[in-house]
Amino acid sequence: WTMELTFLGTSAGVPTRTRNMTSIILNLQQPTRAEMWLFDCGEGTQHQFLHTPHHPGKLNKIFITHLHGDHLFGLPGLLCSRSMQGNSLPLTVYGPTGIKEFIDTALRLSGSWTDYPLTIIEVGPGLVFDEEGYRVTAFPLSHPVECYGYRIEQHDKPGALDAAQLIADGVPPGPLFHRLKRGEQVTLADGRVIDGSRYLGPATPGKTLAIFGDTAPCPQALEMARGADVMVHETTLEQAMAEKANSRGHSSSQQTATLAKEAGVGTLIATHFSSRYDAEGCLRMLAECREIFPDTLLAEDFMVYTVA
């Protein structure tokens, strides 16, 4: 039940020689099925896929944080390529108001279409869905356009079933065990009622990720990130330029690190760096973050992080 993040793009606004625009793959490696989600889709995202083991045809869901081009302009190309490659797997796109108009218009004016079931859902603040092992909630952020962060909470994994004790208590192995494993009550042939929850070991807590869109510091950010195992957050400018960052709806290095500390997250992954910074400049920003929150990582294009 591991989750794996692959960073396809880590630059802000425009690409650089080493960083493409924002996009992140979340690979949910579940025992029963494969599930792969994408967060944002800046220009060139489908090219970035080519340098990974992953394929856009395997995507189940795409989450767009906001409609600024560096988070969105790769989407029409990816949707069309996915169709031309003969993929029939259904795809759902989530995003703020306007995402449906953007996709519909881009496909219509370019004479394009999708040969797979495409669902577009415009989100607002609050629960996006709670299904198939995961709950996703959208939090409104502070940016010049409607913008959301997504909190992904993995359901707790049920504890192991004590089969030996059930057999000792006269419960015959078989289909009943599957229902008991889910914590249900079952009635045996002899009339006894067996409560499955009494035969389950402790549950394994699920992991929580907080994947932010662009934002200046805001109260909702603390609620969104609280207790997350991993927080992925923009770090557009260094601390000396915090005022400029905030005026444009962005965060500085130390503002991001302060949020991670106050929210009690496990690991901060800093990303979305202004193109003004070269590799050395990004390392300076990492150092500024680590002064406040030592468990900070610097995202690079194609970096893979496993949420163990």
# chains A, B, ... in the order shown; residues from 1 in each chain; ligands from 1
>>> select_by_dssp(residues="range 2-171 of chain A", states="alpha helix (DSSP H)", output="JSON, numbers by chain")
{"A": [45, 46, 47, 48, 49, 75, 76, 77, 78, 79, 80, 81, 82, 83, 84, 99, 100, 101, 102, 103, 104, 105, 106, 107, 108, 109, 163, 164, 165, 166, 167, 168]}
>>> residues_around(residues="range 115-123 of chain A", least_positions_apart="6", cutoff="8 Å", atoms="only C-alpha atoms", output="list in words")
Ser83, Gly86, Asn87, Ser88, Leu89, Pro90, Leu91, Thr92, Val93, Tyr94, Gly95, Pro96, Thr97, Gly98, Ile99, Lys100 and Ala138 of chain A
>>> write_last_selection(atoms="all heavy atoms", output="short mmCIF file (atom, residue, chain, number, x, y, z; two decimals), in the first residue's frame")
data_model
loop_
_atom_site.label_atom_id
_atom_site.label_comp_id
_atom_site.auth_asym_id
_atom_site.auth_seq_id
_atom_site.Cartn_x
_atom_site.Cartn_y
_atom_site.Cartn_z
N SER A 83 -5.67 9.65 -26.58
CA SER A 83 -6.69 9.09 -27.46
C SER A 83 -6.04 8.46 -28.71
O SER A 83 -6.39 7.36 -29.12
CB SER A 83 -7.68 10.18 -27.87
OG SER A 83 -8.85 9.63 -28.40
N GLY A 86 -4.72 5.00 -28.60
CA GLY A 86 -5.67 3.89 -28.49
C GLY A 86 -6.02 3.48 -27.08
O GLY A 86 -6.43 2.35 -26.84
N ASN A 87 -5.83 4.41 -26.13
CA ASN A 87 -6.17 4.07 -24.74
C ASN A 87 -7.66 4.22 -24.50
O ASN A 87 -8.26 5.23 -24.85
CB ASN A 87 -5.39 4.97 -23.77
CG ASN A 87 -3.91 4.66 -23.79
OD1 ASN A 87 -3.50 3.61 -23.38
ND2 ASN A 87 -3.11 5.58 -24.32
N SER A 88 -8.27 3.20 -23.89
CA SER A 88 -9.71 3.24 -23.64
C SER A 88 -10.05 3.39 -22.16
O SER A 88 -11.21 3.42 -21.79
CB SER A 88 -10.36 1.96 -24.18
OG SER A 88 -9.80 0.82 -23.56
N LEU A 89 -9.03 3.49 -21.30
CA LEU A 89 -9.27 3.61 -19.86
C LEU A 89 -9.96 4.94 -19.55
O LEU A 89 -9.52 5.99 -20.01
CB LEU A 89 -7.93 3.54 -19.12
CG LEU A 89 -7.94 3.45 -17.60
CD1 LEU A 89 -8.51 2.11 -17.14
CD2 LEU A 89 -6.54 3.65 -17.04
N PRO A 90 -11.06 4.91 -18.81
CA PRO A 90 -11.76 6.17 -18.48
C PRO A 90 -10.85 7.12 -17.71
O PRO A 90 -9.95 6.69 -16.97
CB PRO A 90 -12.93 5.72 -17.60
CG PRO A 90 -13.11 4.27 -17.90
CD PRO A 90 -11.75 3.74 -18.24
N LEU A 91 -11.08 8.41 -17.89
CA LEU A 91 -10.28 9.44 -17.24
C LEU A 91 -11.21 10.51 -16.68
O LEU A 91 -12.15 10.93 -17.35
CB LEU A 91 -9.31 10.06 -18.24
CG LEU A 91 -8.42 11.20 -17.74
CD1 LEU A 91 -7.45 10.71 -16.67
CD2 LEU A 91 -7.63 11.82 -18.90
N THR A 92 -10.93 10.93 -15.45
CA THR A 92 -11.68 12.03 -14.84
C THR A 92 -10.74 13.19 -14.57
O THR A 92 -9.65 13.00 -14.01
CB THR A 92 -12.35 11.59 -13.52
OG1 THR A 92 -13.16 10.44 -13.76
CG2 THR A 92 -13.23 12.71 -12.96
N VAL A 93 -11.13 14.39 -15.00
CA VAL A 93 -10.36 15.61 -14.75
C VAL A 93 -11.12 16.45 -13.73
O VAL A 93 -12.31 16.72 -13.91
CB VAL A 93 -10.12 16.42 -16.04
CG1 VAL A 93 -9.35 17.70 -15.72
CG2 VAL A 93 -9.37 15.58 -17.07
N TYR A 94 -10.43 16.84 -12.66
CA TYR A 94 -10.99 17.72 -11.64
C TYR A 94 -10.28 19.07 -11.72
O TYR A 94 -9.06 19.12 -11.91
CB TYR A 94 -10.77 17.14 -10.24
CG TYR A 94 -11.35 15.76 -10.03
CD1 TYR A 94 -10.62 14.61 -10.36
CD2 TYR A 94 -12.62 15.59 -9.49
CE1 TYR A 94 -11.15 13.34 -10.16
CE2 TYR A 94 -13.16 14.32 -9.27
CZ TYR A 94 -12.41 13.21 -9.61
OH TYR A 94 -12.94 11.96 -9.41
N GLY A 95 -11.03 20.15 -11.53
CA GLY A 95 -10.40 21.46 -11.53
C GLY A 95 -11.39 22.54 -11.19
O GLY A 95 -12.59 22.28 -11.05
N PRO A 96 -10.92 23.79 -11.07
CA PRO A 96 -11.82 24.88 -10.70
C PRO A 96 -12.77 25.25 -11.84
O PRO A 96 -12.65 24.75 -12.97
CB PRO A 96 -10.86 26.03 -10.38
CG PRO A 96 -9.59 25.69 -11.07
CD PRO A 96 -9.53 24.21 -11.18
N THR A 97 -13.69 26.12 -11.54
CA THR A 97 -14.65 26.61 -12.53
C THR A 97 -13.90 27.09 -13.78
O THR A 97 -12.95 27.86 -13.67
CB THR A 97 -15.48 27.77 -11.95
OG1 THR A 97 -16.09 27.33 -10.74
CG2 THR A 97 -16.54 28.22 -12.93
N GLY A 98 -14.35 26.63 -14.95
CA GLY A 98 -13.70 27.00 -16.20
C GLY A 98 -12.90 25.87 -16.82
O GLY A 98 -12.57 25.93 -18.01
N ILE A 99 -12.59 24.84 -16.05
CA ILE A 99 -11.78 23.75 -16.60
C ILE A 99 -12.54 23.02 -17.72
O ILE A 99 -11.95 22.64 -18.74
CB ILE A 99 -11.32 22.77 -15.48
CG1 ILE A 99 -10.36 21.70 -16.04
CG2 ILE A 99 -12.51 22.09 -14.82
CD1 ILE A 99 -9.04 22.23 -16.52
N LYS A 100 -13.86 22.89 -17.57
CA LYS A 100 -14.65 22.22 -18.60
C LYS A 100 -14.67 23.06 -19.88
O LYS A 100 -14.47 22.53 -20.98
CB LYS A 100 -16.07 21.95 -18.12
CG LYS A 100 -16.89 21.11 -19.09
CD LYS A 100 -18.25 20.73 -18.55
CE LYS A 100 -18.98 19.70 -19.37
NZ LYS A 100 -18.72 19.69 -20.79
N ALA A 138 -10.64 19.41 -1.36
CA ALA A 138 -10.08 20.62 -1.98
C ALA A 138 -10.14 21.78 -0.99
O ALA A 138 -11.17 22.00 -0.34
CB ALA A 138 -10.85 20.97 -3.25
#
>>> residues_around(residues="Thr22 in chain A", least_positions_apart="2", cutoff="9 Å", atoms="only C-alpha atoms", output="list in words")
Phe7, Leu8, Gly9, Thr10, Ser11, Ala12, Gly13, Arg19, Asn20, Ile24, Phe39, Asp40, Cys41, Gly42, Glu43, Thr45, Asp70, His71, Leu72, Thr271 and His272 of chain A
>>> write_last_selection(atoms="N, CA and C atoms", output="PDB file, in the first residue's frame")
ATOM      1  N   PHE A   7       8.041  13.776  -9.736  1.00  0.00           N
ATOM      2  CA  PHE A   7       7.944  15.180 -10.120  1.00  0.00           C
ATOM      3  C   PHE A   7       8.334  15.326 -11.590  1.00  0.00           C
ATOM      4  N   LEU A   8       7.359  15.716 -12.418  1.00  0.00           N
ATOM      5  CA  LEU A   8       7.619  15.896 -13.848  1.00  0.00           C
ATOM      6  C   LEU A   8       8.070  17.313 -14.163  1.00  0.00           C
ATOM      7  N   GLY A   9       7.669  18.267 -13.322  1.00  0.00           N
ATOM      8  CA  GLY A   9       8.049  19.656 -13.552  1.00  0.00           C
ATOM      9  C   GLY A   9       8.068  20.417 -12.250  1.00  0.00           C
ATOM     10  N   THR A  10       9.107  21.243 -12.043  1.00  0.00           N
ATOM     11  CA  THR A  10       9.318  21.892 -10.748  1.00  0.00           C
ATOM     12  C   THR A  10       9.636  23.375 -10.872  1.00  0.00           C
ATOM     13  N   SER A  11       9.416  23.949 -12.067  1.00  0.00           N
ATOM     14  CA  SER A  11       9.683  25.372 -12.275  1.00  0.00           C
ATOM     15  C   SER A  11       8.401  26.178 -12.120  1.00  0.00           C
ATOM     16  N   ALA A  12       8.550  27.477 -11.878  1.00  0.00           N
ATOM     17  CA  ALA A  12       7.404  28.387 -11.785  1.00  0.00           C
ATOM     18  C   ALA A  12       7.352  29.246 -13.042  1.00  0.00           C
ATOM     19  N   GLY A  13       6.176  29.374 -13.634  1.00  0.00           N
ATOM     20  CA  GLY A  13       5.968  30.341 -14.710  1.00  0.00           C
ATOM     21  C   GLY A  13       6.484  29.925 -16.060  1.00  0.00           C
ATOM     22  N   ARG A  19      14.409  22.469 -15.522  1.00  0.00           N
ATOM     23  CA  ARG A  19      13.112  22.331 -14.844  1.00  0.00           C
ATOM     24  C   ARG A  19      11.975  22.671 -15.800  1.00  0.00           C
ATOM     25  N   ASN A  20      11.026  21.741 -15.931  1.00  0.00           N
ATOM     26  CA  ASN A  20       9.817  22.009 -16.715  1.00  0.00           C
ATOM     27  C   ASN A  20       8.759  22.614 -15.798  1.00  0.00           C
ATOM     28  N   ILE A  24       2.943  16.663 -11.322  1.00  0.00           N
ATOM     29  CA  ILE A  24       3.362  15.620 -10.381  1.00  0.00           C
ATOM     30  C   ILE A  24       2.508  14.382 -10.603  1.00  0.00           C
ATOM     31  N   PHE A  39      -1.229  15.624 -10.892  1.00  0.00           N
ATOM     32  CA  PHE A  39      -1.557  16.922 -10.317  1.00  0.00           C
ATOM     33  C   PHE A  39      -0.897  18.013 -11.152  1.00  0.00           C
ATOM     34  N   ASP A  40      -1.740  18.793 -11.819  1.00  0.00           N
ATOM     35  CA  ASP A  40      -1.344  19.851 -12.746  1.00  0.00           C
ATOM     36  C   ASP A  40      -0.659  19.278 -13.988  1.00  0.00           C
ATOM     37  N   CYS A  41      -0.684  20.090 -15.047  1.00  0.00           N
ATOM     38  CA  CYS A  41      -0.245  19.580 -16.345  1.00  0.00           C
ATOM     39  C   CYS A  41       0.296  20.739 -17.165  1.00  0.00           C
ATOM     40  N   GLY A  42       1.450  21.264 -16.734  1.00  0.00           N
ATOM     41  CA  GLY A  42       2.070  22.363 -17.464  1.00  0.00           C
ATOM     42  C   GLY A  42       2.498  21.930 -18.868  1.00  0.00           C
ATOM     43  N   GLU A  43       2.754  22.912 -19.703  1.00  0.00           N
ATOM     44  CA  GLU A  43       3.205  22.656 -21.076  1.00  0.00           C
ATOM     45  C   GLU A  43       4.383  21.680 -21.079  1.00  0.00           C
ATOM     46  N   THR A  45       4.232  18.448 -20.391  1.00  0.00           N
ATOM     47  CA  THR A  45       4.106  17.337 -19.442  1.00  0.00           C
ATOM     48  C   THR A  45       4.167  15.987 -20.145  1.00  0.00           C
ATOM     49  N   ASP A  70       0.960  27.824 -16.726  1.00  0.00           N
ATOM     50  CA  ASP A  70       2.079  26.942 -16.355  1.00  0.00           C
ATOM     51  C   ASP A  70       1.604  25.709 -15.592  1.00  0.00           C
ATOM     52  N   HIS A  71       0.306  25.660 -15.267  1.00  0.00           N
ATOM     53  CA  HIS A  71      -0.260  24.480 -14.609  1.00  0.00           C
ATOM     54  C   HIS A  71      -1.259  23.740 -15.509  1.00  0.00           C
ATOM     55  N   LEU A  72      -1.468  24.236 -16.733  1.00  0.00           N
ATOM     56  CA  LEU A  72      -2.610  23.795 -17.527  1.00  0.00           C
ATOM     57  C   LEU A  72      -2.329  23.554 -19.015  1.00  0.00           C
ATOM     58  N   THR A 271       8.931  22.990  -4.074  1.00  0.00           N
ATOM     59  CA  THR A 271       8.935  22.945  -5.536  1.00  0.00           C
ATOM     60  C   THR A 271       8.476  24.291  -6.079  1.00  0.00           C
ATOM     61  N   HIS A 272       8.306  24.409  -7.431  1.00  0.00           N
ATOM     62  CA  HIS A 272       7.780  25.617  -8.078  1.00  0.00           C
ATOM     63  C   HIS A 272       8.713  26.798  -7.821  1.00  0.00           C
TER      64      HIS A 272
END
>>> closest_residue(among="A:Gln254, A:Ser274, A:Thr306, A:Ser247", to="Asp229 in chain A", atoms="only C-alpha atoms")
A:Thr306
>>> atom_distance(atom1="CA of Glu131 in chain A", atom2="CA of Met231 in chain A")
21.9 Å
>>> residues_around(residues="Pro219 in chain A", least_positions_apart="5", cutoff="12 Å", atoms="only C-alpha atoms", output="list in words")
Phe139, Pro140, Leu141, Ser142, Met224, Ala225, Arg226, Leu259, Glu262 and Ala263 of chain A
>>> write_last_selection(atoms="C-alpha atoms", output="PDB file, in the first residue's frame")
ATOM      1  CA  PHE A 139      -8.947  23.663   0.017  1.00  0.00           C
ATOM      2  CA  PRO A 140      -9.222  27.210  -1.408  1.00  0.00           C
ATOM      3  CA  LEU A 141      -5.875  29.023  -1.463  1.00  0.00           C
ATOM      4  CA  SER A 142      -4.708  32.640  -1.825  1.00  0.00           C
ATOM      5  CA  MET A 224      -5.037  21.546   4.716  1.00  0.00           C
ATOM      6  CA  ALA A 225      -1.538  20.512   5.797  1.00  0.00           C
ATOM      7  CA  ARG A 226      -2.163  19.603   9.435  1.00  0.00           C
ATOM      8  CA  LEU A 259       3.759  26.338   7.592  1.00  0.00           C
ATOM      9  CA  GLU A 262       3.177  24.720  12.442  1.00  0.00           C
ATOM     10  CA  ALA A 263       1.167  21.995  10.678  1.00  0.00           C
TER      11      ALA A 263
END
>>> residues_around(residues="Ala240 in chain A", least_positions_apart="5", cutoff="12 Å", atoms="only C-alpha atoms", output="JSON, numbers by chain")
{"A": [245, 246, 251, 252, 253, 254, 255, 284, 285, 288]}
>>> atom_distance(atom1="CA of Tyr150 in chain A", atom2="CA of Leu75 in chain A")
18.3 Å
>>> select_by_dssp(residues="range 163-278 of chain A", states="strand (DSSP E or B)", output="ChimeraX atom specification")
/A:185-187,193-195,200,204,208-211,216,230-234,237,252,267-271,273-274
